[in-house]
Every structure is written in structure tokens, then in C-alpha cells.
>>> print(open('run_5.csv').read())   # CSV, C-alpha atoms
chain,number,residue,atom,x,y,z
A,1,MET,CA,80.0,108.8,141.5
A,2,SER,CA,80.7,106.1,144.0
A,3,THR,CA,81.8,102.7,143.0
A,4,PRO,CA,79.4,100.0,144.2
A,5,ASN,CA,80.6,97.5,146.7
A,6,GLU,CA,82.7,94.7,145.0
A,7,THR,CA,80.9,92.1,147.0
A,8,LYS,CA,77.8,90.4,145.7
A,9,PRO,CA,74.8,92.7,146.0
A,10,ALA,CA,72.0,91.2,148.1
A,11,GLY,CA,68.9,89.7,146.8
A,12,HIS,CA,70.0,88.4,143.5
A,13,ASP,CA,71.5,85.1,142.3
A,14,VAL,CA,74.4,85.0,139.9
A,15,GLY,CA,72.2,83.2,137.3
A,16,HIS,CA,72.9,79.9,135.7
A,17,ASP,CA,76.6,80.5,135.2
A,18,THR,CA,78.2,80.3,138.6
A,19,HIS,CA,81.2,82.2,139.7
A,20,GLU,CA,83.5,79.2,139.2
A,21,ASP,CA,82.1,78.5,135.7
A,22,VAL,CA,82.8,82.0,134.6
A,23,SER,CA,86.3,82.2,136.1
A,24,LYS,CA,87.2,78.9,134.4
A,25,HIS,CA,86.1,80.3,131.0
A,26,VAL,CA,88.3,83.4,131.3
A,27,LYS,CA,91.4,81.4,130.5
A,28,LEU,CA,89.6,79.9,127.5
A,29,TYR,CA,88.7,83.4,126.2
A,30,LEU,CA,92.3,84.5,126.4
A,31,THR,CA,93.5,81.4,124.5
A,32,VAL,CA,90.9,82.0,121.8
A,33,GLY,CA,91.9,85.6,121.6
A,34,GLY,CA,95.6,84.6,121.2
A,35,THR,CA,94.6,82.0,118.6
A,36,LEU,CA,92.7,84.6,116.6
A,37,LEU,CA,95.6,87.0,116.6
A,38,LEU,CA,98.0,84.2,115.5
A,39,CYS,CA,95.6,83.2,112.7
A,40,THR,CA,95.5,86.8,111.6
A,41,GLY,CA,99.3,86.8,111.3
A,42,LEU,CA,99.1,83.5,109.4
A,43,THR,CA,96.5,84.8,107.0
A,44,VAL,CA,98.6,87.8,106.2
A,45,ALA,CA,101.8,85.8,105.8
A,46,LEU,CA,100.2,83.1,103.6
A,47,SER,CA,98.5,85.7,101.3
A,48,PHE,CA,102.0,86.7,100.1
A,49,VAL,CA,102.8,83.1,99.1
A,50,ASN,CA,101.8,82.3,95.6
A,51,PHE,CA,100.0,78.9,96.1
A,52,ASN,CA,99.1,78.6,92.5
A,53,GLU,CA,102.8,78.0,91.7
A,54,TRP,CA,102.6,75.0,94.0
A,55,PHE,CA,99.1,73.6,93.4
A,56,GLY,CA,98.4,74.7,89.8
A,57,GLN,CA,96.6,77.5,88.1
A,58,GLY,CA,93.2,75.8,87.9
A,59,ARG,CA,91.8,77.6,91.0
A,60,ASN,CA,92.8,80.6,93.0
A,61,TRP,CA,94.3,78.7,95.9
A,62,ASN,CA,95.1,81.8,97.9
A,63,ILE,CA,91.4,82.7,98.1
A,64,ILE,CA,90.5,79.1,99.2
A,65,ILE,CA,93.2,79.0,101.9
A,66,ALA,CA,92.4,82.5,103.2
A,67,MET,CA,88.7,81.7,103.3
A,68,ILE,CA,89.3,78.4,105.2
A,69,LEU,CA,91.3,80.4,107.8
A,70,ALA,CA,88.7,83.1,108.0
A,71,THR,CA,85.9,80.5,108.5
A,72,PHE,CA,88.0,78.8,111.3
A,73,LYS,CA,88.4,82.2,113.0
A,74,ALA,CA,84.7,83.1,112.6
A,75,GLY,CA,83.8,79.6,114.0
A,76,LEU,CA,86.0,80.3,117.1
A,77,VAL,CA,84.3,83.7,117.7
A,78,ALA,CA,80.8,82.2,117.2
A,79,ALA,CA,81.4,79.0,119.3
A,80,ILE,CA,83.4,80.5,122.2
A,81,PHE,CA,82.9,84.2,122.5
A,82,MET,CA,79.2,84.0,121.4
A,83,HIS,CA,78.6,80.9,123.4
A,84,LEU,CA,77.1,79.0,120.5
A,85,LEU,CA,78.7,75.8,121.7
A,86,HIS,CA,76.2,75.7,124.6
A,87,GLU,CA,73.1,77.5,123.4
A,88,LYS,CA,69.4,76.7,123.5
A,89,TRP,CA,67.8,74.9,120.5
A,90,THR,CA,65.6,78.0,119.9
A,91,ILE,CA,68.7,79.9,118.7
A,92,TYR,CA,70.1,77.1,116.6
A,93,ARG,CA,66.7,77.0,114.8
A,94,PHE,CA,67.0,80.8,113.9
A,95,LEU,CA,70.6,80.2,112.7
A,96,LEU,CA,69.8,77.1,110.6
A,97,LEU,CA,67.2,79.2,108.7
A,98,THR,CA,69.7,82.0,108.3
A,99,VAL,CA,72.4,79.8,107.0
A,100,PHE,CA,70.0,78.3,104.5
A,101,PHE,CA,68.9,81.7,103.2
A,102,VAL,CA,72.4,83.3,103.1
A,103,ALA,CA,73.6,80.2,101.2
A,104,GLY,CA,70.8,81.0,98.7
A,105,LEU,CA,72.1,84.6,98.4
A,106,PHE,CA,75.5,83.4,97.5
A,107,ALA,CA,74.1,80.7,95.1
A,108,LEU,CA,72.3,83.5,93.3
A,109,SER,CA,75.6,85.4,92.6
A,110,VAL,CA,77.3,82.3,91.5
A,111,LEU,CA,74.3,81.1,89.4
A,112,ALA,CA,74.4,84.5,87.6
A,113,PHE,CA,77.6,83.5,86.0
A,114,SER,CA,76.8,79.8,85.2
A,115,ASP,CA,76.6,79.0,81.6
A,116,HIS,CA,75.7,75.5,80.5
A,117,ILE,CA,77.0,76.1,76.9
A,118,HIS,CA,80.4,77.6,77.7
A,119,GLN,CA,81.8,75.5,80.5
B,1,MET,CA,55.9,98.9,133.1
B,2,GLU,CA,57.9,95.9,134.2
B,3,ILE,CA,59.7,94.2,131.3
B,4,PRO,CA,59.3,90.5,131.7
B,5,TYR,CA,62.0,87.8,131.5
B,6,THR,CA,65.0,90.1,131.7
B,7,ILE,CA,66.9,87.6,133.9
B,8,THR,CA,64.7,84.5,134.1
B,9,ALA,CA,64.1,82.2,131.2
B,10,ARG,CA,60.7,82.3,129.4
B,11,PRO,CA,59.3,78.8,129.7
B,12,ASP,CA,58.6,78.3,126.0
B,13,THR,CA,61.9,79.5,124.6
B,14,GLY,CA,64.1,78.5,127.6
B,15,LEU,CA,65.8,81.9,127.2
B,16,TRP,CA,65.5,85.4,128.7
B,17,ASN,CA,63.9,87.7,126.2
B,18,ALA,CA,66.8,90.0,125.2
B,19,LYS,CA,68.8,86.9,124.1
B,20,VAL,CA,66.1,85.9,121.7
B,21,GLY,CA,65.8,89.5,120.5
B,22,ILE,CA,69.5,89.9,119.8
B,23,TRP,CA,69.8,86.6,118.0
B,24,LEU,CA,66.9,87.5,115.7
B,25,PHE,CA,68.5,90.8,115.1
B,26,LEU,CA,71.9,89.1,114.3
B,27,ALA,CA,70.1,86.8,111.9
B,28,SER,CA,68.9,89.8,110.0
B,29,GLU,CA,72.4,91.3,110.2
B,30,VAL,CA,73.8,88.1,108.6
B,31,MET,CA,71.3,88.6,105.7
B,32,LEU,CA,72.3,92.2,105.4
B,33,PHE,CA,76.1,91.6,105.3
B,34,GLY,CA,75.5,88.3,103.4
B,35,GLY,CA,73.8,90.3,100.7
B,36,LEU,CA,76.7,92.7,100.4
B,37,PHE,CA,79.3,89.9,100.4
B,38,SER,CA,77.3,88.1,97.8
B,39,GLY,CA,77.4,91.4,95.8
B,40,TYR,CA,81.2,91.4,96.2
B,41,VAL,CA,81.3,87.9,94.8
B,42,PHE,CA,79.1,89.0,91.9
B,43,LEU,CA,81.2,92.1,91.1
B,44,ARG,CA,84.5,90.2,91.4
B,45,LEU,CA,83.4,87.2,89.2
B,46,GLY,CA,82.0,89.8,86.7
B,47,ALA,CA,85.2,91.9,86.5
B,48,ASP,CA,87.2,91.5,83.3
B,49,SER,CA,90.7,90.2,83.6
B,50,GLY,CA,93.0,93.0,85.0
B,51,TYR,CA,90.1,95.1,86.2
B,52,TRP,CA,90.0,93.9,89.8
B,53,PRO,CA,92.8,95.7,91.7
B,54,HIS,CA,95.2,94.1,94.1
B,55,GLY,CA,97.5,95.6,96.7
B,56,LEU,CA,95.8,99.1,96.9
B,57,LEU,CA,95.2,99.0,100.6
B,58,ASN,CA,97.6,99.4,103.5
B,59,VAL,CA,98.1,95.8,104.8
B,60,PRO,CA,100.0,96.6,108.0
B,61,VAL,CA,97.3,99.1,109.1
B,62,GLY,CA,94.6,96.7,108.2
B,63,THR,CA,96.3,93.9,110.2
B,64,MET,CA,96.6,96.3,113.2
B,65,ASN,CA,92.9,97.2,113.0
B,66,THR,CA,92.1,93.5,112.9
B,67,ALA,CA,94.2,92.9,116.0
B,68,ILE,CA,92.5,95.9,117.7
B,69,LEU,CA,89.0,94.5,117.0
B,70,ILE,CA,90.0,90.9,118.1
B,71,SER,CA,91.4,92.4,121.4
B,72,SER,CA,88.2,94.3,122.0
B,73,SER,CA,86.2,91.1,121.6
B,74,VAL,CA,88.4,89.6,124.4
B,75,THR,CA,88.0,92.7,126.6
B,76,VAL,CA,84.2,92.7,126.2
B,77,VAL,CA,83.8,89.1,127.1
B,78,PHE,CA,86.1,89.8,130.1
B,79,ALA,CA,83.8,92.7,131.1
B,80,TRP,CA,80.8,90.4,131.0
B,81,ALA,CA,82.7,87.7,133.0
B,82,ALA,CA,83.7,90.3,135.6
B,83,LEU,CA,80.1,91.3,136.0
B,84,LYS,CA,79.1,87.7,136.4
B,85,MET,CA,81.7,87.4,139.2
B,86,ARG,CA,80.4,90.7,140.7
B,87,GLN,CA,83.7,92.6,140.2
B,88,PHE,CA,82.4,96.0,139.2
B,89,THR,CA,85.7,97.8,139.1
B,90,ARG,CA,87.2,95.2,136.8
B,91,TYR,CA,84.1,95.3,134.7
B,92,ARG,CA,84.5,99.1,134.2
B,93,ILE,CA,88.2,98.7,133.3
B,94,TYR,CA,87.4,96.1,130.6
B,95,MET,CA,84.5,98.1,129.3
B,96,ALA,CA,86.7,101.2,129.0
B,97,LEU,CA,89.3,99.2,127.2
B,98,THR,CA,86.6,97.9,124.8
B,99,ILE,CA,85.4,101.5,124.1
B,100,PHE,CA,89.0,102.6,123.6
B,101,CYS,CA,89.6,99.8,121.0
B,102,GLY,CA,86.4,100.6,119.2
B,103,ILE,CA,87.3,104.3,118.9
B,104,LEU,CA,90.9,103.5,117.9
B,105,PHE,CA,89.5,101.3,115.1
B,106,LEU,CA,87.3,104.1,113.8
B,107,ILE,CA,90.0,106.7,114.0
B,108,VAL,CA,92.4,104.5,112.0
B,109,LYS,CA,89.7,103.8,109.4
B,110,LEU,CA,88.1,107.2,109.1
B,111,ALA,CA,90.9,109.6,109.8
B,112,TYR,CA,93.8,107.7,108.2
B,113,GLU,CA,92.9,104.9,105.8
B,114,TRP,CA,89.9,106.5,104.0
B,115,PRO,CA,91.5,109.9,103.5
B,116,GLN,CA,94.7,108.3,102.2
B,117,LYS,CA,92.5,106.7,99.5
B,118,PHE,CA,90.6,109.9,98.7
B,119,ASP,CA,94.0,111.5,98.0
B,120,HIS,CA,95.0,108.9,95.5
B,121,PHE,CA,94.3,109.2,91.8
B,122,GLY,CA,94.0,106.7,88.9
B,123,VAL,CA,93.3,106.8,85.2
B,124,TYR,CA,92.1,103.8,83.2
B,125,ILE,CA,93.7,103.9,79.7
B,126,LYS,CA,91.5,103.2,76.6
B,127,PRO,CA,92.3,99.8,75.0
B,128,SER,CA,93.3,101.7,71.8
B,129,ALA,CA,96.0,103.7,73.6
B,130,LEU,CA,97.5,100.9,75.8
B,131,GLU,CA,100.6,100.6,73.7
B,132,LYS,CA,101.4,104.3,74.1
B,133,TYR,CA,101.6,104.0,77.8
B,134,GLU,CA,103.5,100.6,77.8
B,135,PRO,CA,106.4,102.2,79.8
B,136,TYR,CA,104.0,102.7,82.7
B,137,LEU,CA,101.9,99.5,82.3
B,138,GLY,CA,104.4,96.8,81.4
B,139,ASN,CA,101.8,94.6,79.6
B,140,GLN,CA,104.3,92.7,77.4
B,141,HIS,CA,106.2,91.7,80.6
B,142,LEU,CA,102.9,90.6,82.3
B,143,ALA,CA,101.8,88.6,79.2
B,144,GLN,CA,105.2,86.8,79.3
B,145,GLU,CA,104.6,86.0,82.9
B,146,GLY,CA,101.0,84.8,82.2
B,147,LEU,CA,99.6,87.5,84.5
B,148,PRO,CA,96.5,89.7,83.8
B,149,PRO,CA,97.1,93.0,82.0
B,150,ARG,CA,97.3,96.5,83.7
B,151,TYR,CA,94.9,99.2,82.5
B,152,GLU,CA,95.4,101.8,85.2
B,153,ILE,CA,98.1,104.4,85.9
B,154,SER,CA,97.8,105.6,89.5
B,155,GLY,CA,99.5,107.8,92.0
B,156,HIS,CA,99.2,111.4,93.1
B,157,LEU,CA,97.5,113.8,90.8
B,158,HIS,CA,100.3,116.4,90.4
B,159,GLU,CA,98.5,118.7,88.1
B,160,GLU,CA,95.4,118.6,85.9
B,161,GLU,CA,95.9,120.6,82.7
B,162,LYS,CA,93.4,121.3,79.9
B,163,ASP,CA,94.2,118.2,77.9
B,164,SER,CA,96.2,116.0,80.2
B,165,TYR,CA,96.9,114.8,83.7
B,166,ARG,CA,100.4,114.9,85.3
B,167,ILE,CA,100.6,112.0,87.8
B,168,ALA,CA,103.4,111.2,90.2
B,169,VAL,CA,103.0,107.5,89.6
B,170,ASP,CA,102.9,104.6,92.1
B,171,ALA,CA,105.9,102.2,92.3
B,172,VAL,CA,104.1,99.7,90.1
B,173,ASN,CA,103.7,102.1,87.2
B,174,ALA,CA,107.2,103.6,87.8
B,175,ASP,CA,108.9,100.3,87.1
B,176,PRO,CA,106.2,98.0,85.6
B,177,ASP,CA,108.6,95.4,84.1
B,178,ASN,CA,110.2,94.7,87.5
B,179,ARG,CA,109.1,91.2,88.7
B,180,ASP,CA,109.1,92.5,92.2
B,181,ASN,CA,106.0,94.5,91.2
B,182,ASP,CA,104.1,91.5,89.8
B,183,ARG,CA,102.5,90.7,93.2
B,184,PRO,CA,101.3,93.1,96.0
B,185,HIS,CA,103.7,94.1,98.8
B,186,PHE,CA,103.2,93.9,102.5
B,187,TRP,CA,104.4,97.5,103.2
B,188,TYR,CA,102.5,100.3,101.8
B,189,ARG,CA,104.5,102.2,99.2
B,190,GLN,CA,104.1,106.0,98.6
B,191,PRO,CA,103.9,107.2,95.0
B,192,THR,CA,107.3,107.9,93.4
B,193,GLU,CA,108.7,111.2,92.1
B,194,LYS,CA,108.3,109.9,88.5
B,195,ILE,CA,105.8,112.0,86.6
B,196,ALA,CA,103.6,110.5,83.9
B,197,ILE,CA,101.8,112.8,81.5
B,198,VAL,CA,98.5,111.1,80.4
B,199,ASP,CA,96.5,112.7,77.6
B,200,LYS,CA,92.8,113.0,78.5
B,201,GLU,CA,91.8,111.7,75.1
B,202,ASP,CA,93.5,108.4,76.0
B,203,VAL,CA,91.6,108.1,79.2
B,204,GLU,CA,88.6,105.9,79.6
B,205,HIS,CA,87.9,106.9,83.2
B,206,ALA,CA,89.7,109.1,85.7
B,207,SER,CA,88.9,109.5,89.4
B,208,MET,CA,90.3,109.7,92.9
B,209,PHE,CA,90.1,106.4,94.9
B,210,VAL,CA,86.5,107.0,95.8
B,211,PRO,CA,83.5,104.7,95.3
B,212,ARG,CA,83.0,105.8,91.7
B,213,HIS,CA,86.6,104.8,90.8
B,214,SER,CA,85.7,101.1,90.4
B,215,SER,CA,83.5,98.2,91.5
B,216,TYR,CA,86.2,97.3,93.9
B,217,PHE,CA,86.2,100.7,95.7
B,218,ALA,CA,82.4,100.9,95.5
B,219,ILE,CA,81.9,97.7,97.4
B,220,TYR,CA,84.9,98.4,99.7
B,221,PHE,CA,83.5,101.7,100.9
B,222,THR,CA,80.0,100.3,101.2
B,223,ILE,CA,81.0,97.3,103.3
B,224,THR,CA,83.6,99.1,105.4
B,225,GLY,CA,81.3,102.1,105.9
B,226,LEU,CA,78.5,99.9,107.1
B,227,HIS,CA,80.8,98.0,109.3
B,228,GLY,CA,82.2,101.2,110.7
B,229,LEU,CA,78.6,102.3,111.5
B,230,HIS,CA,78.2,99.1,113.4
B,231,VAL,CA,81.4,99.7,115.4
B,232,LEU,CA,80.1,103.2,116.2
B,233,ALA,CA,76.8,101.8,117.4
B,234,GLY,CA,78.5,99.3,119.6
B,235,VAL,CA,80.7,102.0,121.1
B,236,LEU,CA,77.7,104.2,121.9
B,237,VAL,CA,75.9,101.3,123.7
B,238,PHE,CA,79.1,100.5,125.7
B,239,ILE,CA,79.4,104.1,126.7
B,240,TYR,CA,75.8,103.9,128.0
B,241,TYR,CA,76.8,100.9,130.1
B,242,MET,CA,79.5,103.1,131.8
B,243,LEU,CA,77.0,105.9,132.7
B,244,PRO,CA,75.5,106.3,136.2
B,245,VAL,CA,72.2,104.8,135.0
B,246,SER,CA,74.0,101.5,134.5
B,247,THR,CA,75.7,101.7,137.9
B,248,ARG,CA,72.3,102.1,139.4
B,249,LEU,CA,71.1,99.1,137.6
B,250,TYR,CA,74.1,97.1,138.9
B,251,ARG,CA,73.2,98.1,142.4
B,252,GLU,CA,69.5,97.1,142.0
B,253,ASN,CA,69.9,94.1,139.8
B,254,PRO,CA,73.4,93.1,138.7
B,255,GLU,CA,72.3,90.1,136.7
B,256,HIS,CA,70.2,92.4,134.5
B,257,LEU,CA,73.2,94.5,133.7
B,258,ALA,CA,75.3,91.4,133.0
B,259,ASN,CA,72.6,90.2,130.6
B,260,ARG,CA,72.6,93.6,128.9
B,261,VAL,CA,76.4,93.5,128.5
B,262,GLU,CA,76.1,89.9,127.2
B,263,VAL,CA,73.6,91.0,124.5
B,264,ALA,CA,75.7,94.0,123.4
B,265,GLY,CA,78.8,91.7,123.5
B,266,LEU,CA,77.1,89.3,121.1
B,267,PHE,CA,76.6,92.2,118.7
B,268,TRP,CA,80.2,93.3,119.2
B,269,HIS,CA,81.5,89.7,118.4
B,270,PHE,CA,79.3,89.7,115.3
B,271,VAL,CA,80.9,93.0,114.2
B,272,ASP,CA,84.3,91.3,114.8
B,273,LEU,CA,83.2,88.2,112.9
B,274,VAL,CA,82.2,90.4,109.8
B,275,TRP,CA,85.6,92.1,109.9
B,276,ILE,CA,87.4,88.7,109.9
B,277,PHE,CA,86.0,88.2,106.4
B,278,VAL,CA,86.3,91.9,105.3
B,279,PHE,CA,90.0,92.0,106.0
B,280,PRO,CA,91.2,89.2,103.7
B,281,ILE,CA,88.8,89.9,100.8
B,282,PHE,CA,89.7,93.5,100.5
B,283,TYR,CA,93.3,93.8,101.8
B,284,LEU,CA,94.9,90.5,100.9
B,285,LEU,CA,93.2,88.7,98.0
>>> encode(input="run_5.csv", output="C-alpha cells")
Amino acid sequence: MSTPNETKPAGHDVGHDTHEDVSKHVKLYLTVGGTLLLCTGLTVALSFVNFNEWFGQGRNWNIIIAMILATFKAGLVAAIFMHLLHEKWTIYRFLLLTVFFVAGLFALSVLAFSDHIHQ
Amino acid sequence: MEIPYTITARPDTGLWNAKVGIWLFLASEVMLFGGLFSGYVFLRLGADSGYWPHGLLNVPVGTMNTAILISSSVTVVFAWAALKMRQFTRYRIYMALTIFCGILFLIVKLAYEWPQKFDHFGVYIKPSALEKYEPYLGNQHLAQEGLPPRYEISGHLHEEEKDSYRIAVDAVNADPDNRDNDRPHFWYRQPTEKIAIVDKEDVEHASMFVPRHSSYFAIYFTITGLHGLHVLAGVLVFIYYMLPVSTRLYRENPEHLANRVEVAGLFWHFVDLVWIFVFPIFYLL
């Protein structure tokens, strides 16, 4: 199988992202990848620290801290890798609905354990 | 039949069609995994104290797999960027790296992590017999420390006799009063040589570390299994993008191939995003 010519094939435009735009982004993608790896290491390291000894036993602080880090990482993937930072309104509309319904799903699980007599 | 709007934007949505399609699909995927994560919350909140296990999974291996998946997210976006810049050879290199990472992830998960669990055995002791097995459970020590009790003796099933199990117990059960065992460890520890004999009449529930072992493993295998299927699907699509049919598409219409790669990339990033939550909730918390 022959490899097609490296140069731009004739007859087609590069699209709305120009060559320069994309090459600028490459560095950003690498930075985001590095940040994600660092955050993974941080998540693992922090999970072995007993935060409840520091902040009190009222809540499971380790879960809260790990979820904040995971949400930050997921946000980076969505915003940069999935280009959600610069997307069309059509897609934001789909996602707003999805967020609403998925929040409802979680609310159902939490509501299942709510008890207005035994607080 | 010519498929419309593969590279040009449809006037009403402002997007090429596949982009709309993949985001609708991803929205349904969010609901699918959202339902399962919600199930996880339900099971965990409903678990009695001491019945939600901690530290059963291999953290270094899980961390490595997380790094593999994150790296593949970078390589797939590089593959797309290379196509946009019309660098076909670089595109193929990055795509091959992505496929390699995906396969490596699956091998680690299916050929190493899962079988290691299937080989592990645990018995939950009846509440009435807990005192008898105190040397393996250390519940007096845990009560003093204000920690949840232990109900399970786990390790390698050495031998199953008519009335009892002989178990080469895990480090936690071998030395249950040691404060070092109160919290999970980073490195995975193999079962010890110490043998515990557990009478079957004292056992509430015995099983290998398979889905029926506990709510924890049931939801663990469900979510990681479904996630693994997604990784497999992504790898198959990426392999298609390496076949001659995709090379031909590049020659005829490179932007069309770039958009296909972008759409599959969006799916792949979503699979990575799901794993970002799967890893801490099962391995670390």
C-alpha cells in the first residue's frame, strides 16, 4: 500500500480550523495530557492521606477531594480534547438536557435514602 | 447515495451531521453510565457498616491503566491534528499508538486484573460466629480505633473440605490488630502462608471475587466490563481508520477522514472521561 503524498491533496479546503490553528493547539493538548497525568498521581497520593483526621469525621473528606479532582480532570478532557470550549449552541443544548436528567438519576439514588424522621 | 453534510455545516444546526450524531449518542452514553454510577451510589449508601470493601484492587496497575488511557487520548487528538495539517504518515503513527494503548489497556484489565480477582476467595462470617474468628478479624481493635468492623476472611482457597474451608489468608486477616492494616495499601499484597480453617456452618456467604461475591464486585464488574466493551469498540473503529479504505478516503477527501477521526476521537475521550471517575471510586475510595 502506498502512502499518499504528504502535501495537501488538491481540491479540498482544510476546513474551518486552519493549519496554524491546529498546530497551535498541539502544544495545548500536550499540556493538558501532562496535567491529567499529574492529577492522576495526585489523586492516588491524596487517597492514602486520612483527611477525616484533619477535617473531622462528619463527612468522608477523601471522597469529596477525590471527586473534586476527578471532576476537574473530566472538565479538562471535555473542554480541551472534546473541544467543548468552542462548540456550537446546538451541542450545548443537548448537553444541558443531559446534565439535567443525569442529575435527576443521582437525585433518585440519594432520595431513596432520605428519611425525614431519622435525620 | 451521497451522504449530505459530511464536511460542510448544515445551515440549521451550524454543524456537519456526524458531529450532531456523535453528541446525541454521547448524551445517551452519559445516561447509560450515569445510571450505573447512580446504582453505585445507591449500593454504597445502602451497604451496612463494614460491608463495603476497601483496598481489594491493585492500585499501581489501575494507575498505570489510567495513564495508558490518558496517553491514548493525547495520541488520538494528535492523530486528528496531523490529518488537519495533512500529515498522513504522522496521522498513521499516532493512530497506531492509540490502538496500541487501547489494546494494552484491555490486556491489563482482562488478562491480568480480572483473573487475579477470579482466583481470590472470601467468606463472610455469620454475626453469631464473629468472636470465634476474632484472631483473623481484629474487631476489638477496630472498635477501639472507631473503625467499621470486618466480617470477611479472604485469601487463596487452599482446600475445600466437607465441612470447612482452608484459606491462605490475606495480610489483613493474618495480622488484623496491626494498625498498619487499618487502611488500604498502595502496593498489592499477595495472600500470606498463614492458613485459617473456617467451618462452613459459621459462613454466611462464600465465593470467589466474582460478581456474586458482593454488591461491590457486582457493580465493579458491570461498570468495568461495559467500559472495556467501549474500549474494544473504539479500537475496532480506529483499526478501520488504518485500513486501505480510509487511505482511499484521504486521497479523495481528506477533510471527510479528519471529521471521521474527530467523531471517533470524541467517543474515545468520553471513554477516557468515564474511566477518570471509575478509577477513584473502585480503586481508591
>>> closest_atom_pairs(input="run_5.csv", of="chain B", to="chain A", cutoff="7 Å", atoms="all atoms listed in the file", output="Markdown table")
| residue | atom | partner | partner_atom | distance |
| --- | --- | --- | --- | --- |
| B:Thr13 | CA | A:Thr90 | CA | 6.2 |
| B:Gly14 | CA | A:Lys88 | CA | 6.9 |
| B:Trp23 | CA | A:Ile91 | CA | 6.8 |
| B:Leu24 | CA | A:Phe94 | CA | 6.9 |
| B:Ala27 | CA | A:Thr98 | CA | 6.0 |
| B:Met31 | CA | A:Val102 | CA | 6.0 |
| B:Gly34 | CA | A:Val102 | CA | 5.9 |
| B:Gly35 | CA | A:Leu105 | CA | 6.4 |
| B:Ser38 | CA | A:Phe106 | CA | 5.0 |
| B:Val41 | CA | A:Ser109 | CA | 6.6 |
| B:Phe42 | CA | A:Ser109 | CA | 5.1 |
| B:Ala67 | CA | A:Leu37 | CA | 6.1 |
| B:Ile70 | CA | A:Gly33 | CA | 6.6 |
| B:Ser71 | CA | A:Gly33 | CA | 6.8 |
| B:Val74 | CA | A:Gly33 | CA | 6.0 |
| B:Val77 | CA | A:Phe81 | CA | 6.8 |
| B:Phe78 | CA | A:Val26 | CA | 6.9 |
| B:Ala81 | CA | A:Val22 | CA | 5.9 |
| B:Lys84 | CA | A:Val14 | CA | 6.5 |
| B:Met85 | CA | A:His19 | CA | 5.2 |
| B:Arg86 | CA | A:Lys8 | CA | 5.6 |
| B:Gln87 | CA | A:Glu6 | CA | 5.3 |
| B:Phe88 | CA | A:Glu6 | CA | 6.0 |
| B:Arg251 | CA | A:Pro9 | CA | 6.7 |
| B:Asn253 | CA | A:His12 | CA | 6.8 |
| B:Glu255 | CA | A:Val14 | CA | 6.4 |
| B:Leu266 | CA | A:Met82 | CA | 5.7 |
| B:His269 | CA | A:Val77 | CA | 6.7 |
| B:Leu273 | CA | A:Ala74 | CA | 5.3 |
| B:Ile276 | CA | A:Ala70 | CA | 6.1 |
| B:Phe277 | CA | A:Ala70 | CA | 6.0 |
| B:Pro280 | CA | A:Ala66 | CA | 6.8 |
| B:Leu284 | CA | A:Ser47 | CA | 6.0 |
| B:Leu285 | CA | A:Ile63 | CA | 6.3 |
>>> atom_distance(input="run_5.csv", atom1="CA of Tyr112 (chain B)", atom2="CA of Phe37 (chain B)")
24.2 Å
>>> residues_around(input="run_5.csv", residues="Glu161 (chain B)", least_positions_apart="4", cutoff="12 Å", atoms="only C-alpha atoms", output="list in words")
Leu157, Tyr165, Arg166, Ile167, Ile197, Val198, Asp199 and Lys200 of chain B
>>> atom_distance(input="run_5.csv", atom1="CA of Leu26 (chain B)", atom2="CA of Arg260 (chain B)")
15.3 Å
>>> atom_distance(input="run_5.csv", atom1="CA of Glu145 (chain B)", atom2="CA of Val169 (chain B)")
22.6 Å
>>> closest_residue(input="run_5.csv", among="B:Phe100, B:Tyr91, B:Phe209, B:Phe105", to="Pro53 (chain B)", atoms="only C-alpha atoms")
B:Phe209
>>> residues_around(input="run_5.csv", residues="Tyr240 (chain B)", least_positions_apart="4", cutoff="12 Å", atoms="all atoms listed in the file", output="list in words")
Arg92, Met95, Ala96, Ile99, Ala233, Gly234, Val235, Leu236, Pro244, Val245, Ser246, Thr247, Leu249, Leu257, Arg260, Val261 and Ala264 of chain B
>>> closest_residue(input="run_5.csv", among="B:Ser215, B:Thr224, B:Asn173, B:Asn65", to="Phe33 (chain B)", atoms="all atoms listed in the file")
B:Thr224
